[in-house]
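This report refers to the structure that appears directly beneath it.
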Amino acid sequence: MPRRKRRRLVTKEPHVSVYKPAGIPTRELEEILITIGEFEALRLADFEGLSQRDASTAMEISQPTFNTVLSSARHKVASGLVQGYILRIEGGQYRLSDGTGILECLDCGASVDMSSENKSTCQKCGSIRLRWLRWEKGKRPGDKK
Ligand SMILES: [Zn+2]
């Protein structure tokens, strides 16, 4: 069976999407981008305390993949804190587990941040070719008819 890159299943999106060191102008700061999937991995493993096995099941990805995502997330957060960078949490390819669907960019494949005020353009590449993905319960979003 061919391996297909699947979107990480995300239970909830973060309340806050940007963390910025106080007292320093934004233009003088570097920024680290943490994807929603990486944030979810951190949340499940380090906040909720799930085992990597349970957390990977929750996100519907393999344990090695979860491990890679989690390591990347931890490294980004640590380097952001140590070096005083802006941490921005957004983007990446993901879908929400409540099944309400997502907007996907047809040009670069990014998921559009639904909490953003501007839902008509892709925040990643600026494209306006967006597709609203919806699926019925129990049906995989990637499945072809
Ligand atoms: Zn795009």
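Going through the structure tokens in order, the chains are called A, B, and so on, while each chain numbers its residues from 1 and the ligands are numbered from 1 in the order shown.
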Close residues, Ser79 of chain A itself excluded, 12 Å, only C-alpha atoms, min 5 positions apart in chain, as a PDB file with N, CA and C atoms, in the first residue's frame:
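Ended up saving to result-v2.pdb:
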ATOM      1  N   GLU A  30      13.677  37.787  15.940  1.00  0.00           N
ATOM      2  CA  GLU A  30      13.497  36.703  14.989  1.00  0.00           C
ATOM      3  C   GLU A  30      12.280  35.904  15.408  1.00  0.00           C
ATOM      4  N   GLU A  31      11.799  35.106  14.470  1.00  0.00           N
ATOM      5  CA  GLU A  31      10.550  34.401  14.714  1.00  0.00           C
ATOM      6  C   GLU A  31      10.711  32.912  14.440  1.00  0.00           C
ATOM      7  N   ILE A  32      10.093  32.125  15.280  1.00  0.00           N
ATOM      8  CA  ILE A  32      10.086  30.677  15.051  1.00  0.00           C
ATOM      9  C   ILE A  32       8.649  30.248  14.800  1.00  0.00           C
ATOM     10  N   LEU A  33       8.455  29.502  13.747  1.00  0.00           N
ATOM     11  CA  LEU A  33       7.112  29.047  13.410  1.00  0.00           C
ATOM     12  C   LEU A  33       6.883  27.625  13.925  1.00  0.00           C
ATOM     13  N   ILE A  34       5.873  27.502  14.744  1.00  0.00           N
ATOM     14  CA  ILE A  34       5.488  26.185  15.262  1.00  0.00           C
ATOM     15  C   ILE A  34       4.167  25.810  14.607  1.00  0.00           C
ATOM     16  N   SER A  72      10.665  18.057  17.238  1.00  0.00           N
ATOM     17  CA  SER A  72      10.759  19.316  16.529  1.00  0.00           C
ATOM     18  C   SER A  72      10.099  20.437  17.338  1.00  0.00           C
ATOM     19  N   ALA A  73       8.914  20.138  17.895  1.00  0.00           N
ATOM     20  CA  ALA A  73       8.183  21.129  18.691  1.00  0.00           C
ATOM     21  C   ALA A  73       8.991  21.533  19.918  1.00  0.00           C
ATOM     22  N   ARG A  74       9.532  20.551  20.627  1.00  0.00           N
ATOM     23  CA  ARG A  74      10.307  20.835  21.841  1.00  0.00           C
ATOM     24  C   ARG A  74      11.536  21.668  21.506  1.00  0.00           C
ATOM     25  N   GLY A  84      15.236  34.090  22.922  1.00  0.00           N
ATOM     26  CA  GLY A  84      14.358  35.252  22.968  1.00  0.00           C
ATOM     27  C   GLY A  84      13.708  35.576  21.638  1.00  0.00           C
ATOM     28  N   TYR A  85      13.199  34.545  20.976  1.00  0.00           N
ATOM     29  CA  TYR A  85      12.530  34.738  19.693  1.00  0.00           C
ATOM     30  C   TYR A  85      11.023  34.844  19.889  1.00  0.00           C
ATOM     31  N   ILE A  86      10.372  35.340  18.851  1.00  0.00           N
ATOM     32  CA  ILE A  86       8.913  35.287  18.807  1.00  0.00           C
ATOM     33  C   ILE A  86       8.509  33.855  18.456  1.00  0.00           C
ATOM     34  N   LEU A  87       7.541  33.328  19.172  1.00  0.00           N
ATOM     35  CA  LEU A  87       7.005  32.007  18.822  1.00  0.00           C
ATOM     36  C   LEU A  87       5.655  32.204  18.164  1.00  0.00           C
TER      37      LEU A  87
END
Residues up to 10 Å from ligand 1, counting only C-alpha atoms and all ligand atoms: could you list those as a list in words?
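Answer in the requested format: Glu104, Cys105, Leu106, Asp107, Cys108, Gly109, Ala110, Ser111, Val112, Thr121, Cys122, Gln123, Lys124, Cys125, Gly126, Ser127, Ile128, Arg129 and Leu130 of chain A.
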Using only C-alpha atoms, determine which residues lie at most 12 Å from Thr68 of chain A, disregarding the query and same-chain residues fewer than 5 positions distant; provide the list as a PyMOL selection string.
chain A and resi 37-38+41-42+52+56+61-63+73-75
Save the residues we just selected, N, CA and C atoms, as a PDB file, in the first residue's frame?
ATOM      1  N   GLY A  37       0.204  21.191  14.287  1.00  0.00           N
ATOM      2  CA  GLY A  37       0.480  19.783  14.603  1.00  0.00           C
ATOM      3  C   GLY A  37       1.543  19.645  15.683  1.00  0.00           C
ATOM      4  N   GLU A  38       2.576  20.452  15.592  1.00  0.00           N
ATOM      5  CA  GLU A  38       3.631  20.424  16.615  1.00  0.00           C
ATOM      6  C   GLU A  38       3.084  20.890  17.964  1.00  0.00           C
ATOM      7  N   ALA A  41       1.129  18.089  19.464  1.00  0.00           N
ATOM      8  CA  ALA A  41       2.006  17.051  20.009  1.00  0.00           C
ATOM      9  C   ALA A  41       2.520  17.461  21.394  1.00  0.00           C
ATOM     10  N   LEU A  42       2.928  18.715  21.511  1.00  0.00           N
ATOM     11  CA  LEU A  42       3.386  19.235  22.805  1.00  0.00           C
ATOM     12  C   LEU A  42       2.269  19.182  23.838  1.00  0.00           C
ATOM     13  N   GLN A  52       3.536   8.522  24.423  1.00  0.00           N
ATOM     14  CA  GLN A  52       3.694   8.786  22.993  1.00  0.00           C
ATOM     15  C   GLN A  52       2.786   7.869  22.180  1.00  0.00           C
ATOM     16  N   SER A  56       0.096   9.517  19.784  1.00  0.00           N
ATOM     17  CA  SER A  56       0.152   9.273  18.337  1.00  0.00           C
ATOM     18  C   SER A  56      -1.168   8.704  17.843  1.00  0.00           C
ATOM     19  N   ILE A  61      -1.416   9.382  13.780  1.00  0.00           N
ATOM     20  CA  ILE A  61      -0.153   9.256  13.061  1.00  0.00           C
ATOM     21  C   ILE A  61       0.658   8.157  13.729  1.00  0.00           C
ATOM     22  N   SER A  62       1.705   7.687  13.055  1.00  0.00           N
ATOM     23  CA  SER A  62       2.510   6.612  13.624  1.00  0.00           C
ATOM     24  C   SER A  62       3.326   7.150  14.790  1.00  0.00           C
ATOM     25  N   GLN A  63       3.780   6.234  15.632  1.00  0.00           N
ATOM     26  CA  GLN A  63       4.562   6.652  16.796  1.00  0.00           C
ATOM     27  C   GLN A  63       5.884   7.311  16.390  1.00  0.00           C
ATOM     28  N   ALA A  73       8.914  20.138  17.895  1.00  0.00           N
ATOM     29  CA  ALA A  73       8.183  21.129  18.691  1.00  0.00           C
ATOM     30  C   ALA A  73       8.991  21.533  19.918  1.00  0.00           C
ATOM     31  N   ARG A  74       9.532  20.551  20.627  1.00  0.00           N
ATOM     32  CA  ARG A  74      10.307  20.835  21.841  1.00  0.00           C
ATOM     33  C   ARG A  74      11.536  21.668  21.506  1.00  0.00           C
ATOM     34  N   HIS A  75      12.189  21.306  20.408  1.00  0.00           N
ATOM     35  CA  HIS A  75      13.390  22.032  20.025  1.00  0.00           C
ATOM     36  C   HIS A  75      13.065  23.486  19.691  1.00  0.00           C
TER      37      HIS A  75
END
To one decimal place in Å, what is the distance between atom CA of Ala45 of chain A and atom CA of Arg88 of chain A?
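These atoms are spaced 19.6 Å apart.
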